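Worksheet: the structure to be examined is printed underneath.
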Amino acid sequence: MEQREDKLKDIISHAKEYGFVFPSSEIYDGLSATYDYGQLGAELKNNLKTYWWKSMVQMHDNIVGLDSAIFMHPTTWKASGHIDAFNDPLIDNKDSKKRYRADVLIEDYIEKQRQKIEKEVEKGIKRFGADFDETQFRATNPNVLRSQEKIDSVEKRMKESLEANDLEAVYQLIVDLEITCPISGSKNWTEVRQFNLMFSTELGSVSGEAATIYLRPETAQGIFVNFLNVQKSGRMKIPFGIAQIGKAFRNEIVARQFIFRMREFEQMEMQFFVRPGEEMKWYNYWKEFRLNWHHALNLGDEKYRYHDHLKLAHYANAASDIEFDFPMGFKELEGIHSRTDFDLKQHEQHSGKKLHYFDPELNQSYVPYVIETSIGLDRMFLAVLSASYKNETLEDGSERVVLKIPATLAPYKACIMPLVKKDGLPEKAREIIKMLQLDFMLQYDEKDSIGKRYRRQDAIGTPFSVTVDHQSLEDNMVTIRDRDTMEQQRVLISELSTILHQKCSWTALFN
Ligand code: ATP
């Protein structure tokens, strides 16, 4: 665990040092749980958005995009249930004065039990070697069974108390499990209370006429209220989807862990409208599709897992998270929810406008059901950054920090560097940049030794470094070095475009 926390610390300082992520308004000592993306962070973030948008919108002829406003009519949030039910159960430790989400404390306890099971399994593998039957071991080993029983009973109690909104029962569970505060180590807890996560502000310039409006806590409602606008103007036929990338705001109780939990963050959401009764088919389809989207990045399939929800949100009839193995452990990266017809029906009721779809094949009019895929862009950013961050010891004993970011997502695709700052080499390097920069983000670097320049590019994840030397002026060839293998090759300048396309283009990633 300590090693993992160290890794997060390393990533945070690396991200700052190289211009990926800065604490917001740092000169004023920052603002908690708010971050700014620097010059490289902005590039990586844009590439992540493009990867998502291409896969969801460009490659589906039945999904279209939307860019709705952050401010929405306040009744939106009454209809969606956010004013009444967008709460987290919070609890304070009286000794450390730290505030926690009660459900997260319990989830952490469950995760510890899971880790105990995995440790037992590892021990078994070591003890029995090739003869080890993991399935049987998991089904019969007394220690494994005991932990599993604990998990099941805790999950059941948590689900029941949260669903019944029985905050005293949630408190009692924390007491019974003897959960201690990670900071003070004490069990001196306050009662559990509900806390609404929406930020509010006021609209209207004349005092007295101001109305409370909210910063949207999710982008989804902008899609629901535009459902008919898009369907009609785009002549969309069910099943079809609307996708949107945009900021969302939540007054999180516990905002820690870097860009994992922020108060201002970005979501990439898609609402897929389907026939009532067909939602489970599409729910399973999108669950699988989204996991494949993650796997395609080759960050390691074992870093992802599904977590099916026990406690369903007020609008859902099925929900699953795709969890990622962050430096802090497995945590939610994306949610796939079957939202039924809840939202559209609520908006019909509160607006008095019909939000029906006429299905020409069924010759029937209905309120569509909705499957939603919702991923946090910032969490995706952290997933890529943490899985890419490697501290390597090289054959000669030296060390390098390298970001093995999937080539297509890397901020720069190549760095073009003249061996020396004279003899026409910089000019030649600039020529190469001119030739390629319309298709690829490139960097130019002429400072320090080539070895140091390589290290700098490794540290920011640039897949290729291209060196122009004196020979290049005569034979139009350059040395191209691969970030991951560190192999160097002599190639024609005229081949560079093809090489970069093969490794760093969207086609390369999607293939
Ligand atoms: P959590 O349980 O971690 O609070 P959630 O279940 O409330 O997340 P959703 O409402 O399903 O999250 O939001 C969809 C996605 O938005 C999440 O999977 C996550 O990637 C992202 N997200 C939610 N809250 C935050 C936040 N405070 N900071 C960054 N990303 C967030």
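Naming works like this for the structure tokens: A, B, ... for the chains as they're shown, residue 1 at the start of each chain, ligands 1 onward in shown order.
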Near Ser24 of chain A, within 9 Å and counting only C-alpha atoms, which residues show up once chain neighbours fewer than 2 positions away are dropped, as a ChimeraX atom specification? /A:21-22,26-37
Taking only C-alpha atoms and all ligand atoms and a cut-off of 6 Å, can you tell me which residues surround ligand 1, written as a PyMOL selection string? chain A and resi 260-263+265+267+332-335+374-376+378-379
Saved selection, atoms kept: C-alpha atoms, as a CSV table (one decimal), in the first residue's frame:
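Ended up saving to again_1.csv:
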chain,number,residue,atom,x,y,z
A,260,PHE,CA,-9.5,11.4,-9.3
A,261,ARG,CA,-12.1,13.3,-7.3
A,262,MET,CA,-12.4,17.0,-8.2
A,263,ARG,CA,-15.1,19.6,-7.5
A,265,PHE,CA,-14.3,18.0,-13.7
A,267,GLN,CA,-17.4,14.0,-18.2
A,332,GLU,CA,-14.5,3.6,-10.6
A,333,LEU,CA,-13.4,4.9,-13.9
A,334,GLU,CA,-16.6,4.7,-15.9
A,335,GLY,CA,-20.3,3.9,-15.2
A,374,SER,CA,-20.4,7.9,-18.4
A,375,ILE,CA,-16.7,8.3,-18.0
A,376,GLY,CA,-14.7,11.0,-16.2
A,378,ASP,CA,-9.9,13.4,-15.6
A,379,ARG,CA,-10.0,9.9,-14.2
For segment 352-393 of chain A against segment 465-485 of chain A, with a cut-off of 12 Å and counting only C-alpha atoms, what is the closest atom pair and its distance in Å to one decimal for every residue that makes the cut, ordered by chain and number, as a Markdown table?
| residue | atom | partner | partner_atom | distance |
| --- | --- | --- | --- | --- |
| A:Ser388 | CA | A:Asp484 | CA | 10.9 |
| A:Tyr389 | CA | A:Asp484 | CA | 11.9 |
| A:Lys390 | CA | A:Asp484 | CA | 10.5 |
| A:Glu392 | CA | A:Asp484 | CA | 10.7 |
Can I get the selection written as a PDB file, in the first residue's frame, with all heavy atoms?
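Wrote selection-v1.pdb, looks like this:
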ATOM      1  N   SER A 388       1.072   4.408 -17.511  1.00  0.00           N
ATOM      2  CA  SER A 388       2.191   4.652 -18.430  1.00  0.00           C
ATOM      3  C   SER A 388       3.491   4.958 -17.702  1.00  0.00           C
ATOM      4  O   SER A 388       4.573   4.828 -18.273  1.00  0.00           O
ATOM      5  CB  SER A 388       1.896   5.862 -19.322  1.00  0.00           C
ATOM      6  OG  SER A 388       0.682   5.727 -19.968  1.00  0.00           O
ATOM      7  N   TYR A 389       3.365   5.394 -16.477  1.00  0.00           N
ATOM      8  CA  TYR A 389       4.539   5.869 -15.734  1.00  0.00           C
ATOM      9  C   TYR A 389       5.431   4.704 -15.313  1.00  0.00           C
ATOM     10  O   TYR A 389       5.021   3.836 -14.556  1.00  0.00           O
ATOM     11  CB  TYR A 389       4.063   6.631 -14.496  1.00  0.00           C
ATOM     12  CG  TYR A 389       5.169   7.218 -13.651  1.00  0.00           C
ATOM     13  CD1 TYR A 389       5.632   8.502 -13.871  1.00  0.00           C
ATOM     14  CD2 TYR A 389       5.735   6.478 -12.616  1.00  0.00           C
ATOM     15  CE1 TYR A 389       6.635   9.052 -13.083  1.00  0.00           C
ATOM     16  CE2 TYR A 389       6.750   7.014 -11.827  1.00  0.00           C
ATOM     17  CZ  TYR A 389       7.190   8.293 -12.066  1.00  0.00           C
ATOM     18  OH  TYR A 389       8.181   8.832 -11.285  1.00  0.00           O
ATOM     19  N   LYS A 390       6.648   4.673 -15.822  1.00  0.00           N
ATOM     20  CA  LYS A 390       7.562   3.572 -15.491  1.00  0.00           C
ATOM     21  C   LYS A 390       8.913   4.129 -15.066  1.00  0.00           C
ATOM     22  O   LYS A 390       9.427   5.066 -15.679  1.00  0.00           O
ATOM     23  CB  LYS A 390       7.821   2.675 -16.712  1.00  0.00           C
ATOM     24  CG  LYS A 390       6.585   2.206 -17.434  1.00  0.00           C
ATOM     25  CD  LYS A 390       6.040   0.923 -16.838  1.00  0.00           C
ATOM     26  CE  LYS A 390       4.775   0.557 -17.595  1.00  0.00           C
ATOM     27  NZ  LYS A 390       3.769  -0.111 -16.832  1.00  0.00           N
ATOM     28  N   GLU A 392      12.519   2.809 -14.983  1.00  0.00           N
ATOM     29  CA  GLU A 392      13.246   1.655 -15.508  1.00  0.00           C
ATOM     30  C   GLU A 392      14.739   1.730 -15.199  1.00  0.00           C
ATOM     31  O   GLU A 392      15.336   2.805 -15.270  1.00  0.00           O
ATOM     32  CB  GLU A 392      13.076   1.566 -17.032  1.00  0.00           C
ATOM     33  CG  GLU A 392      11.675   1.212 -17.460  1.00  0.00           C
ATOM     34  CD  GLU A 392      11.558   1.041 -18.970  1.00  0.00           C
ATOM     35  OE1 GLU A 392      12.461   1.471 -19.717  1.00  0.00           O
ATOM     36  OE2 GLU A 392      10.545   0.474 -19.408  1.00  0.00           O
TER      37      GLU A 392
END
Would you list the contacts of Arg339 of chain A as an NGL selection string, taking every protein, DNA or RNA residue within 8 Å and counting only C-alpha atoms, but skipping same-chain residues closer than 2 positions in sequence? :A and (315-318 or 337 or 341-343 or 369-372)
Using DSSP assignments from the backbone, pull out every residue in segment 370-485 of chain A that falls under strand (DSSP E or B) and give it to me as JSON, numbers by chain. {"A": [370, 371, 372, 373, 374, 375, 376, 389, 390, 391, 392, 393, 399, 400, 401, 402, 403, 414, 415, 416, 417, 418, 442, 443, 444, 464, 465, 466, 467, 468, 477, 478, 479, 480, 481, 482]}
Could you save those same residues with N, CA, C and O atoms as a CSV table (one decimal), in the first residue's frame?
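New file result16.csv:
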chain,number,residue,atom,x,y,z
A,370,VAL,N,-33.3,4.3,-21.7
A,370,VAL,CA,-32.0,4.9,-21.9
A,370,VAL,C,-30.9,4.1,-21.3
A,370,VAL,O,-31.0,3.7,-20.1
A,371,ILE,N,-29.9,3.8,-22.1
A,371,ILE,CA,-28.6,3.2,-21.5
A,371,ILE,C,-27.6,4.4,-21.6
A,371,ILE,O,-27.5,5.0,-22.6
A,372,GLU,N,-26.9,4.5,-20.5
A,372,GLU,CA,-25.9,5.6,-20.4
A,372,GLU,C,-24.5,5.1,-20.2
A,372,GLU,O,-24.3,4.1,-19.4
A,373,THR,N,-23.6,5.6,-20.9
A,373,THR,CA,-22.2,5.4,-20.6
A,373,THR,C,-21.6,6.7,-20.2
A,373,THR,O,-21.7,7.7,-20.8
A,374,SER,N,-20.9,6.7,-19.0
A,374,SER,CA,-20.4,7.9,-18.4
A,374,SER,C,-19.0,7.8,-17.9
A,374,SER,O,-18.8,7.0,-16.9
A,375,ILE,N,-18.1,8.5,-18.5
A,375,ILE,CA,-16.7,8.3,-18.0
A,375,ILE,C,-16.1,9.7,-17.7
A,375,ILE,O,-16.4,10.7,-18.3
A,376,GLY,N,-15.4,9.7,-16.6
A,376,GLY,CA,-14.7,11.0,-16.2
A,376,GLY,C,-13.4,11.1,-17.0
A,376,GLY,O,-12.6,10.3,-17.0
A,389,TYR,N,3.4,5.4,-16.5
A,389,TYR,CA,4.5,5.9,-15.7
A,389,TYR,C,5.4,4.7,-15.3
A,389,TYR,O,5.0,3.8,-14.6
A,390,LYS,N,6.6,4.7,-15.8
A,390,LYS,CA,7.6,3.6,-15.5
A,390,LYS,C,8.9,4.1,-15.1
A,390,LYS,O,9.4,5.1,-15.7
A,391,ASN,N,9.4,3.5,-14.0
A,391,ASN,CA,10.8,3.8,-13.6
A,391,ASN,C,11.7,2.6,-14.0
A,391,ASN,O,11.6,1.6,-13.4
A,392,GLU,N,12.5,2.8,-15.0
A,392,GLU,CA,13.2,1.7,-15.5
A,392,GLU,C,14.7,1.7,-15.2
A,392,GLU,O,15.3,2.8,-15.3
A,393,THR,N,15.3,0.6,-14.9
A,393,THR,CA,16.7,0.5,-14.7
A,393,THR,C,17.3,-0.1,-16.0
A,393,THR,O,16.9,-1.2,-16.5
A,399,GLU,N,19.2,4.9,-14.7
A,399,GLU,CA,17.7,4.8,-14.6
A,399,GLU,C,17.1,5.8,-15.5
A,399,GLU,O,17.6,6.8,-15.9
A,400,ARG,N,15.8,5.5,-15.9
A,400,ARG,CA,15.1,6.5,-16.7
A,400,ARG,C,13.6,6.4,-16.3
A,400,ARG,O,13.1,5.4,-15.9
A,401,VAL,N,13.0,7.6,-16.3
A,401,VAL,CA,11.5,7.7,-16.1
A,401,VAL,C,10.9,7.8,-17.5
A,401,VAL,O,11.3,8.7,-18.2
A,402,VAL,N,10.0,6.9,-17.8
A,402,VAL,CA,9.4,7.0,-19.1
A,402,VAL,C,7.9,6.9,-19.0
A,402,VAL,O,7.4,6.1,-18.2
A,403,LEU,N,7.2,7.7,-19.8
A,403,LEU,CA,5.8,7.6,-19.9
A,403,LEU,C,5.4,6.8,-21.1
A,403,LEU,O,5.6,7.3,-22.2
A,414,ALA,N,6.6,13.2,-32.0
A,414,ALA,CA,8.1,13.0,-32.2
A,414,ALA,C,8.8,14.3,-31.9
A,414,ALA,O,8.1,15.4,-31.9
A,415,CYS,N,10.0,14.2,-31.5
A,415,CYS,CA,10.8,15.4,-31.2
A,415,CYS,C,11.9,15.4,-32.3
A,415,CYS,O,12.6,14.4,-32.5
A,416,ILE,N,12.0,16.5,-33.0
A,416,ILE,CA,13.0,16.6,-34.1
A,416,ILE,C,14.2,17.4,-33.5
A,416,ILE,O,14.1,18.5,-33.0
A,417,MET,N,15.4,16.8,-33.5
A,417,MET,CA,16.6,17.4,-32.9
A,417,MET,C,17.8,17.4,-33.8
A,417,MET,O,18.2,16.4,-34.3
A,418,PRO,N,18.4,18.6,-34.0
A,418,PRO,CA,19.6,18.7,-34.7
A,418,PRO,C,20.7,18.2,-33.7
A,418,PRO,O,20.7,18.6,-32.6
A,442,LEU,N,4.6,18.0,-33.1
A,442,LEU,CA,6.0,17.8,-33.0
A,442,LEU,C,6.7,18.8,-32.1
A,442,LEU,O,6.2,19.9,-31.9
A,443,GLN,N,7.8,18.4,-31.5
A,443,GLN,CA,8.6,19.3,-30.7
A,443,GLN,C,10.0,19.5,-31.4
A,443,GLN,O,10.5,18.6,-32.0
A,444,TYR,N,10.6,20.6,-31.1
A,444,TYR,CA,11.9,20.9,-31.6
A,444,TYR,C,12.8,21.0,-30.4
A,444,TYR,O,12.4,21.7,-29.4
A,464,PHE,N,8.7,9.0,-30.5
A,464,PHE,CA,9.9,9.0,-31.4
A,464,PHE,C,10.8,10.2,-31.2
A,464,PHE,O,10.3,11.3,-31.0
A,465,SER,N,12.1,10.0,-31.2
A,465,SER,CA,13.0,11.1,-31.3
A,465,SER,C,13.8,11.0,-32.6
A,465,SER,O,14.2,9.9,-33.0
A,466,VAL,N,13.9,12.1,-33.3
A,466,VAL,CA,14.5,12.0,-34.7
A,466,VAL,C,15.7,12.9,-34.7
A,466,VAL,O,15.6,14.1,-34.4
A,467,THR,N,16.9,12.4,-34.9
A,467,THR,CA,18.1,13.2,-34.9
A,467,THR,C,18.6,13.5,-36.3
A,467,THR,O,18.8,12.6,-37.1
A,468,VAL,N,18.9,14.8,-36.5
A,468,VAL,CA,19.5,15.2,-37.8
A,468,VAL,C,21.0,15.4,-37.6
A,468,VAL,O,21.3,16.2,-36.7
A,477,MET,N,19.0,11.2,-44.7
A,477,MET,CA,18.6,10.2,-43.8
A,477,MET,C,18.8,10.7,-42.3
A,477,MET,O,19.6,11.6,-42.1
A,478,VAL,N,17.9,10.2,-41.4
A,478,VAL,CA,18.0,10.6,-40.0
A,478,VAL,C,18.0,9.4,-39.1
A,478,VAL,O,17.6,8.3,-39.6
A,479,THR,N,18.3,9.6,-37.8
A,479,THR,CA,18.2,8.5,-36.9
A,479,THR,C,16.9,8.6,-36.1
A,479,THR,O,16.7,9.7,-35.5
A,480,ILE,N,16.1,7.6,-36.1
A,480,ILE,CA,14.9,7.6,-35.4
A,480,ILE,C,15.0,6.6,-34.2
A,480,ILE,O,15.4,5.5,-34.4
A,481,ARG,N,14.7,7.1,-33.0
A,481,ARG,CA,14.8,6.3,-31.8
A,481,ARG,C,13.4,6.1,-31.2
A,481,ARG,O,12.6,7.0,-31.1
A,482,ASP,N,13.2,4.8,-30.9
A,482,ASP,CA,11.9,4.4,-30.4
A,482,ASP,C,11.9,4.5,-28.8
A,482,ASP,O,12.8,4.0,-28.2
Considering only C-alpha atoms, can you say which of A:Lys353, A:His294, A:Lys156, A:His347 comes closest to Phe510 of chain A?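 Checking each candidate against Phe510 of chain A, we get A:His294 as the closest.
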Check segment 88-327 of chain A with DSSP on the backbone and list each residue it calls helix (DSSP H, G or I), as number ranges by chain. A: 102-131, 134-140, 142-163, 167-176, 220-225, 227-233, 258-260, 279-295, 301-303
Nearby residues (only C-alpha atoms) at most 9 Å from segment 80-91 of chain A, same-chain spacing under 3 positions excluded, as a ChimeraX atom specification: /A:75-77,98-103,162,167,170-171,189-198,217,221,252-254,314-315,342-344,346-347
May I ask for the distance between atom CA of Val367 of chain A and atom CA of Leu355 of chain A, given in Å to one decimal place?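 A separation of 6.5 Å between them.
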Each residue of segment 434-468 of chain A lying at most 12 Å from segment 44-48 of chain A should get a row with its shortest atom-to-atom pair and the distance in Å to one decimal, counting only C-alpha atoms; could you produce that, ordered by chain and increasing number, as a tab-separated table?
residue	atom	partner	partner_atom	distance
A:Phe440	CA	A:Asn47	CA	11.9
A:Met441	CA	A:Asn47	CA	11.0
A:Ile460	CA	A:Leu44	CA	10.4
A:Gly461	CA	A:Leu44	CA	10.2
A:Thr462	CA	A:Leu44	CA	11.3
